[in-house]
$ cat work_0.cif   # mmCIF, N, CA, C and O atoms
data_input
#
loop_
_atom_site.label_atom_id
_atom_site.label_comp_id
_atom_site.auth_asym_id
_atom_site.auth_seq_id
_atom_site.Cartn_x
_atom_site.Cartn_y
_atom_site.Cartn_z
N MET A 1 -46.18 26.42 0.97
CA MET A 1 -45.94 25.05 0.57
C MET A 1 -44.64 24.93 -0.20
O MET A 1 -43.94 23.96 -0.05
N SER A 2 -44.30 25.91 -1.02
CA SER A 2 -43.06 25.82 -1.76
C SER A 2 -41.86 25.94 -0.83
O SER A 2 -40.80 25.42 -1.12
N LYS A 3 -42.05 26.63 0.30
CA LYS A 3 -40.96 26.72 1.27
C LYS A 3 -40.66 25.35 1.87
O LYS A 3 -39.51 24.97 2.03
N ASN A 4 -41.70 24.58 2.13
CA ASN A 4 -41.51 23.22 2.64
C ASN A 4 -40.85 22.33 1.60
O ASN A 4 -40.03 21.48 1.92
N ASN A 5 -41.23 22.50 0.33
CA ASN A 5 -40.62 21.72 -0.75
C ASN A 5 -39.14 22.05 -0.88
O ASN A 5 -38.31 21.17 -1.09
N ALA A 6 -38.81 23.33 -0.80
CA ALA A 6 -37.41 23.74 -0.91
C ALA A 6 -36.60 23.19 0.25
O ALA A 6 -35.47 22.72 0.08
N GLU A 7 -37.16 23.23 1.45
CA GLU A 7 -36.46 22.67 2.61
C GLU A 7 -36.28 21.16 2.47
O GLU A 7 -35.24 20.62 2.82
N ALA A 8 -37.28 20.50 1.95
CA ALA A 8 -37.20 19.05 1.74
C ALA A 8 -36.13 18.73 0.70
O ALA A 8 -35.36 17.78 0.87
N GLN A 9 -36.07 19.53 -0.37
CA GLN A 9 -35.05 19.30 -1.40
C GLN A 9 -33.65 19.57 -0.84
O GLN A 9 -32.71 18.83 -1.15
N ASN A 10 -33.50 20.61 -0.03
CA ASN A 10 -32.21 20.89 0.60
C ASN A 10 -31.80 19.76 1.52
O ASN A 10 -30.63 19.36 1.55
N ALA A 11 -32.76 19.23 2.28
CA ALA A 11 -32.46 18.11 3.18
C ALA A 11 -32.05 16.89 2.37
O ALA A 11 -31.10 16.18 2.74
N ASP A 12 -32.76 16.64 1.25
CA ASP A 12 -32.41 15.50 0.39
C ASP A 12 -31.02 15.69 -0.21
O ASP A 12 -30.23 14.75 -0.28
N SER A 13 -30.73 16.91 -0.66
CA SER A 13 -29.42 17.19 -1.24
C SER A 13 -28.31 16.98 -0.21
O SER A 13 -27.26 16.43 -0.52
N PHE A 14 -28.57 17.42 1.01
CA PHE A 14 -27.58 17.24 2.07
C PHE A 14 -27.38 15.76 2.36
O PHE A 14 -26.25 15.30 2.54
N ASP A 15 -28.47 14.99 2.41
CA ASP A 15 -28.37 13.55 2.66
C ASP A 15 -27.58 12.85 1.55
O ASP A 15 -26.77 11.95 1.82
N ILE A 16 -27.82 13.28 0.31
CA ILE A 16 -27.07 12.71 -0.81
C ILE A 16 -25.59 13.05 -0.69
O ILE A 16 -24.71 12.20 -0.90
N TYR A 17 -25.29 14.29 -0.32
CA TYR A 17 -23.90 14.72 -0.13
C TYR A 17 -23.22 13.89 0.96
O TYR A 17 -22.10 13.43 0.78
N VAL A 18 -23.92 13.70 2.07
CA VAL A 18 -23.37 12.90 3.17
C VAL A 18 -23.15 11.46 2.73
O VAL A 18 -22.11 10.85 3.05
N ALA A 19 -24.08 10.91 1.97
CA ALA A 19 -23.94 9.54 1.47
C ALA A 19 -22.74 9.42 0.53
O ALA A 19 -21.99 8.44 0.58
N LYS A 20 -22.54 10.43 -0.32
CA LYS A 20 -21.38 10.42 -1.23
C LYS A 20 -20.08 10.48 -0.43
O LYS A 20 -19.10 9.81 -0.77
N LEU A 21 -20.06 11.30 0.62
CA LEU A 21 -18.87 11.36 1.48
C LEU A 21 -18.60 10.01 2.15
O LEU A 21 -17.45 9.59 2.28
N ALA A 22 -19.66 9.34 2.57
CA ALA A 22 -19.51 8.02 3.19
C ALA A 22 -18.93 7.02 2.21
O ALA A 22 -18.05 6.21 2.55
N VAL A 23 -19.39 7.07 0.96
CA VAL A 23 -18.86 6.17 -0.08
C VAL A 23 -17.38 6.47 -0.33
O VAL A 23 -16.55 5.56 -0.43
N ALA A 24 -17.04 7.76 -0.43
CA ALA A 24 -15.64 8.14 -0.65
C ALA A 24 -14.78 7.69 0.52
O ALA A 24 -13.67 7.18 0.32
N GLY A 25 -15.26 7.86 1.73
CA GLY A 25 -14.51 7.42 2.90
C GLY A 25 -14.30 5.91 2.90
O GLY A 25 -13.21 5.42 3.22
N ALA A 26 -15.34 5.17 2.55
CA ALA A 26 -15.22 3.72 2.48
C ALA A 26 -14.22 3.30 1.42
O ALA A 26 -13.45 2.34 1.61
N ALA A 27 -14.19 4.01 0.29
CA ALA A 27 -13.23 3.69 -0.77
C ALA A 27 -11.80 3.92 -0.29
O ALA A 27 -10.91 3.11 -0.58
N VAL A 28 -11.59 4.99 0.47
CA VAL A 28 -10.25 5.26 1.00
C VAL A 28 -9.84 4.17 1.99
O VAL A 28 -8.69 3.71 1.99
N VAL A 29 -10.78 3.73 2.81
CA VAL A 29 -10.49 2.66 3.77
C VAL A 29 -10.13 1.37 3.04
O VAL A 29 -9.17 0.68 3.40
N VAL A 30 -10.87 1.05 2.00
CA VAL A 30 -10.59 -0.17 1.22
C VAL A 30 -9.21 -0.08 0.58
O VAL A 30 -8.44 -1.05 0.59
N LEU A 31 -8.87 1.08 0.05
CA LEU A 31 -7.55 1.27 -0.55
C LEU A 31 -6.46 1.10 0.50
O LEU A 31 -5.46 0.41 0.27
N GLY A 32 -6.65 1.70 1.66
CA GLY A 32 -5.67 1.56 2.74
C GLY A 32 -5.52 0.12 3.20
O GLY A 32 -4.41 -0.36 3.42
N ASP A 33 -6.65 -0.57 3.34
CA ASP A 33 -6.60 -1.98 3.74
C ASP A 33 -5.92 -2.83 2.66
O ASP A 33 -5.19 -3.78 2.98
N SER A 34 -6.14 -2.49 1.40
CA SER A 34 -5.48 -3.23 0.31
C SER A 34 -3.97 -3.04 0.37
O SER A 34 -3.21 -3.99 0.19
N LEU A 35 -3.54 -1.81 0.63
CA LEU A 35 -2.10 -1.55 0.75
C LEU A 35 -1.52 -2.29 1.95
O LEU A 35 -0.41 -2.84 1.89
N ALA A 36 -2.25 -2.31 3.05
CA ALA A 36 -1.79 -3.03 4.24
C ALA A 36 -1.69 -4.53 3.96
O ALA A 36 -0.73 -5.19 4.38
N LEU A 37 -2.66 -5.07 3.23
CA LEU A 37 -2.62 -6.49 2.86
C LEU A 37 -1.43 -6.79 1.97
O LEU A 37 -0.73 -7.79 2.16
N LEU A 38 -1.17 -5.92 1.00
CA LEU A 38 -0.03 -6.10 0.12
C LEU A 38 1.28 -6.08 0.91
O LEU A 38 2.14 -6.93 0.73
N ALA A 39 1.41 -5.12 1.81
CA ALA A 39 2.63 -5.02 2.62
C ALA A 39 2.80 -6.25 3.50
O ALA A 39 3.90 -6.79 3.62
N ALA A 40 1.72 -6.71 4.10
CA ALA A 40 1.80 -7.89 4.96
C ALA A 40 2.16 -9.14 4.17
O ALA A 40 2.98 -9.96 4.62
N SER A 41 1.59 -9.29 2.98
CA SER A 41 1.91 -10.48 2.18
C SER A 41 3.35 -10.43 1.69
O SER A 41 4.03 -11.46 1.63
N LEU A 42 3.83 -9.24 1.33
CA LEU A 42 5.24 -9.12 0.92
C LEU A 42 6.17 -9.41 2.09
O LEU A 42 7.21 -10.07 1.92
N ALA A 43 5.81 -8.93 3.26
CA ALA A 43 6.64 -9.21 4.44
C ALA A 43 6.66 -10.70 4.75
O ALA A 43 7.71 -11.27 5.04
N LEU A 44 5.50 -11.35 4.66
CA LEU A 44 5.43 -12.79 4.89
C LEU A 44 6.27 -13.55 3.87
O LEU A 44 7.04 -14.44 4.22
N GLN A 45 6.13 -13.15 2.61
CA GLN A 45 6.91 -13.80 1.55
C GLN A 45 8.41 -13.62 1.79
O GLN A 45 9.19 -14.56 1.63
N SER A 46 8.79 -12.43 2.18
CA SER A 46 10.19 -12.15 2.44
C SER A 46 10.70 -12.97 3.63
O SER A 46 11.80 -13.52 3.59
N LEU A 47 9.90 -13.07 4.67
CA LEU A 47 10.29 -13.86 5.84
C LEU A 47 10.41 -15.34 5.50
O LEU A 47 11.33 -16.02 5.96
N GLN A 48 9.49 -15.83 4.69
CA GLN A 48 9.55 -17.23 4.29
C GLN A 48 10.80 -17.50 3.46
O GLN A 48 11.46 -18.52 3.64
N GLN A 49 11.11 -16.57 2.57
CA GLN A 49 12.29 -16.75 1.72
C GLN A 49 13.56 -16.64 2.56
O GLN A 49 14.49 -17.42 2.39
N SER A 50 13.60 -15.67 3.46
CA SER A 50 14.82 -15.47 4.24
C SER A 50 15.03 -16.60 5.25
O SER A 50 16.16 -16.87 5.64
N SER A 51 13.96 -17.26 5.67
CA SER A 51 14.13 -18.37 6.60
C SER A 51 14.76 -19.57 5.92
O SER A 51 15.41 -20.39 6.57
N SER A 52 14.61 -19.68 4.60
CA SER A 52 15.21 -20.79 3.87
C SER A 52 16.61 -20.45 3.36
O SER A 52 17.38 -21.34 3.05
N ASP A 53 16.94 -19.16 3.25
CA ASP A 53 18.25 -18.72 2.79
C ASP A 53 19.19 -18.55 3.98
O ASP A 53 18.76 -18.16 5.06
N PRO A 54 20.49 -18.81 3.78
CA PRO A 54 21.42 -18.53 4.86
C PRO A 54 21.51 -17.02 5.09
O PRO A 54 21.35 -16.24 4.15
N PRO A 55 21.72 -16.57 6.33
CA PRO A 55 21.80 -15.14 6.59
C PRO A 55 22.96 -14.49 5.85
O PRO A 55 24.04 -15.06 5.72
N THR A 56 22.71 -13.30 5.32
CA THR A 56 23.72 -12.55 4.59
C THR A 56 24.33 -11.51 5.53
O THR A 56 23.60 -10.71 6.09
N PRO A 57 25.65 -11.55 5.71
CA PRO A 57 26.26 -10.54 6.58
C PRO A 57 26.18 -9.16 5.95
O PRO A 57 26.30 -9.01 4.74
N LEU A 58 25.97 -8.16 6.79
CA LEU A 58 25.90 -6.79 6.29
C LEU A 58 27.30 -6.30 5.95
O LEU A 58 28.24 -6.52 6.72
N PRO A 59 27.47 -5.64 4.82
CA PRO A 59 28.78 -5.13 4.44
C PRO A 59 29.20 -3.95 5.32
O PRO A 59 28.36 -3.25 5.87
N GLN A 60 30.51 -3.73 5.41
CA GLN A 60 31.04 -2.68 6.28
C GLN A 60 31.52 -1.45 5.51
O GLN A 60 31.47 -0.35 6.02
N GLN A 61 32.00 -1.61 4.30
CA GLN A 61 32.54 -0.50 3.52
C GLN A 61 31.42 0.22 2.77
O GLN A 61 30.45 -0.41 2.35
N PRO A 62 31.53 1.54 2.58
CA PRO A 62 30.47 2.28 1.88
C PRO A 62 30.15 1.74 0.49
O PRO A 62 28.99 1.65 0.12
N ASP A 63 31.17 1.40 -0.29
CA ASP A 63 30.92 0.85 -1.62
C ASP A 63 30.17 -0.47 -1.54
O ASP A 63 29.27 -0.73 -2.33
N GLU A 64 30.56 -1.28 -0.57
CA GLU A 64 29.87 -2.55 -0.38
C GLU A 64 28.44 -2.32 0.06
O GLU A 64 27.53 -3.06 -0.33
N GLN A 65 28.22 -1.31 0.88
CA GLN A 65 26.86 -1.01 1.35
C GLN A 65 25.97 -0.59 0.19
O GLN A 65 24.82 -1.01 0.09
N ILE A 66 26.51 0.22 -0.71
CA ILE A 66 25.74 0.66 -1.88
C ILE A 66 25.40 -0.54 -2.75
O ILE A 66 24.25 -0.69 -3.19
N ASP A 67 26.38 -1.40 -3.00
CA ASP A 67 26.13 -2.59 -3.80
C ASP A 67 25.08 -3.48 -3.13
O ASP A 67 24.20 -4.03 -3.80
N TYR A 68 25.20 -3.61 -1.81
CA TYR A 68 24.24 -4.42 -1.05
C TYR A 68 22.83 -3.85 -1.19
O TYR A 68 21.87 -4.58 -1.45
N LEU A 69 22.69 -2.54 -1.05
CA LEU A 69 21.37 -1.91 -1.16
C LEU A 69 20.80 -2.04 -2.57
O LEU A 69 19.60 -2.27 -2.74
N ILE A 70 21.65 -1.94 -3.57
CA ILE A 70 21.18 -2.12 -4.95
C ILE A 70 20.67 -3.54 -5.16
O ILE A 70 19.62 -3.75 -5.76
N ARG A 71 21.41 -4.52 -4.63
CA ARG A 71 20.96 -5.91 -4.75
C ARG A 71 19.62 -6.10 -4.04
O ARG A 71 18.72 -6.77 -4.54
N GLU A 72 19.48 -5.51 -2.86
CA GLU A 72 18.24 -5.62 -2.11
C GLU A 72 17.08 -4.98 -2.87
O GLU A 72 15.98 -5.54 -2.93
N LEU A 73 17.31 -3.82 -3.45
CA LEU A 73 16.25 -3.15 -4.22
C LEU A 73 15.85 -3.97 -5.43
O LEU A 73 14.67 -4.06 -5.78
N LYS A 74 16.83 -4.58 -6.10
CA LYS A 74 16.52 -5.43 -7.25
C LYS A 74 15.68 -6.63 -6.81
O LYS A 74 14.75 -7.03 -7.51
N GLN A 75 16.01 -7.18 -5.65
CA GLN A 75 15.26 -8.31 -5.13
C GLN A 75 13.82 -7.89 -4.79
O GLN A 75 12.87 -8.59 -5.11
N ILE A 76 13.65 -6.73 -4.20
CA ILE A 76 12.31 -6.23 -3.88
C ILE A 76 11.52 -5.97 -5.16
O ILE A 76 10.34 -6.30 -5.26
N LYS A 77 12.19 -5.41 -6.16
CA LYS A 77 11.54 -5.14 -7.45
C LYS A 77 11.07 -6.45 -8.07
O LYS A 77 9.96 -6.54 -8.59
N LYS A 78 11.92 -7.47 -8.02
CA LYS A 78 11.55 -8.78 -8.57
C LYS A 78 10.36 -9.36 -7.81
O LYS A 78 9.43 -9.89 -8.40
N MET A 79 10.38 -9.21 -6.48
CA MET A 79 9.27 -9.72 -5.67
C MET A 79 7.98 -9.00 -6.03
O MET A 79 6.90 -9.64 -6.11
N MET A 80 8.03 -7.70 -6.24
CA MET A 80 6.84 -6.94 -6.60
C MET A 80 6.31 -7.39 -7.96
O MET A 80 5.11 -7.53 -8.16
N ARG A 81 7.22 -7.62 -8.90
CA ARG A 81 6.83 -8.07 -10.23
C ARG A 81 6.17 -9.45 -10.14
O ARG A 81 5.15 -9.70 -10.76
N ASP A 82 6.77 -10.35 -9.34
CA ASP A 82 6.22 -11.69 -9.19
C ASP A 82 4.87 -11.64 -8.50
O ASP A 82 3.97 -12.43 -8.79
N TYR A 83 4.70 -10.72 -7.55
CA TYR A 83 3.44 -10.61 -6.82
C TYR A 83 2.31 -10.13 -7.71
O TYR A 83 1.19 -10.59 -7.60
N LYS A 84 2.62 -9.21 -8.64
CA LYS A 84 1.60 -8.67 -9.53
C LYS A 84 1.15 -9.72 -10.53
O LYS A 84 0.04 -9.68 -11.01
N ALA A 85 2.01 -10.64 -10.88
CA ALA A 85 1.70 -11.65 -11.90
C ALA A 85 0.75 -12.69 -11.40
O ALA A 85 0.13 -12.72 -10.49
#

$ encode --input "work_0.cif" --output "structure tokens"
Amino acid sequence: MSKNNAEAQNADSFDIYVAKLAVAGAAVVVLGDSLALLAASLALQSLQQSSSDPPTPLPQQPDEQIDYLIRELKQIKKMMRDYKA
């Protein structure tokens, strides 16, 4: 009889372990979906803003390209800050 009890406890422990893995997997999926939602909303916001702004020509010189990228990064940083608020 104790052998049956031990087997039942092992089966219960395994079921609990599997359930915990399922919860962890679901949490990872929710996190991934949240990141995808954030990226999509930022892309939408950027598209809406860029549709109202006149197009900016891309710079040709390396120094101008660096300045352009810095401006773009600052704009993305500002958008992220505004999104969190």

$ atom_distance --input "work_0.cif" --atom1 "atom O of Ser34 of chain A" --atom2 "atom CA of Leu69 of chain A"
24.7 Å

$ atom_distance --input "work_0.cif" --atom1 "atom CA of Ala36 of chain A" --atom2 "atom CA of Tyr83 of chain A"
14.4 Å

$ atom_distance --input "work_0.cif" --atom1 "atom C of Ala39 of chain A" --atom2 "atom N of Ile76 of chain A"
13.3 Å

$ axis_aligned_box --input "work_0.cif" --around "segment 32-51 of chain A" --padding-each-side "6 Å" --output "lines of an AutoDock Vina configuration file"
center_x = 4.8
center_y = -9.3
center_z = 3.4
size_x = 34.8
size_y = 34.1
size_z = 18.5

$ closest_residue --input "work_0.cif" --among "A:Ile16, A:Leu31, A:Leu73, A:Met79" --to "Gln45 of chain A" --atoms "only C-alpha atoms"
A:Met79
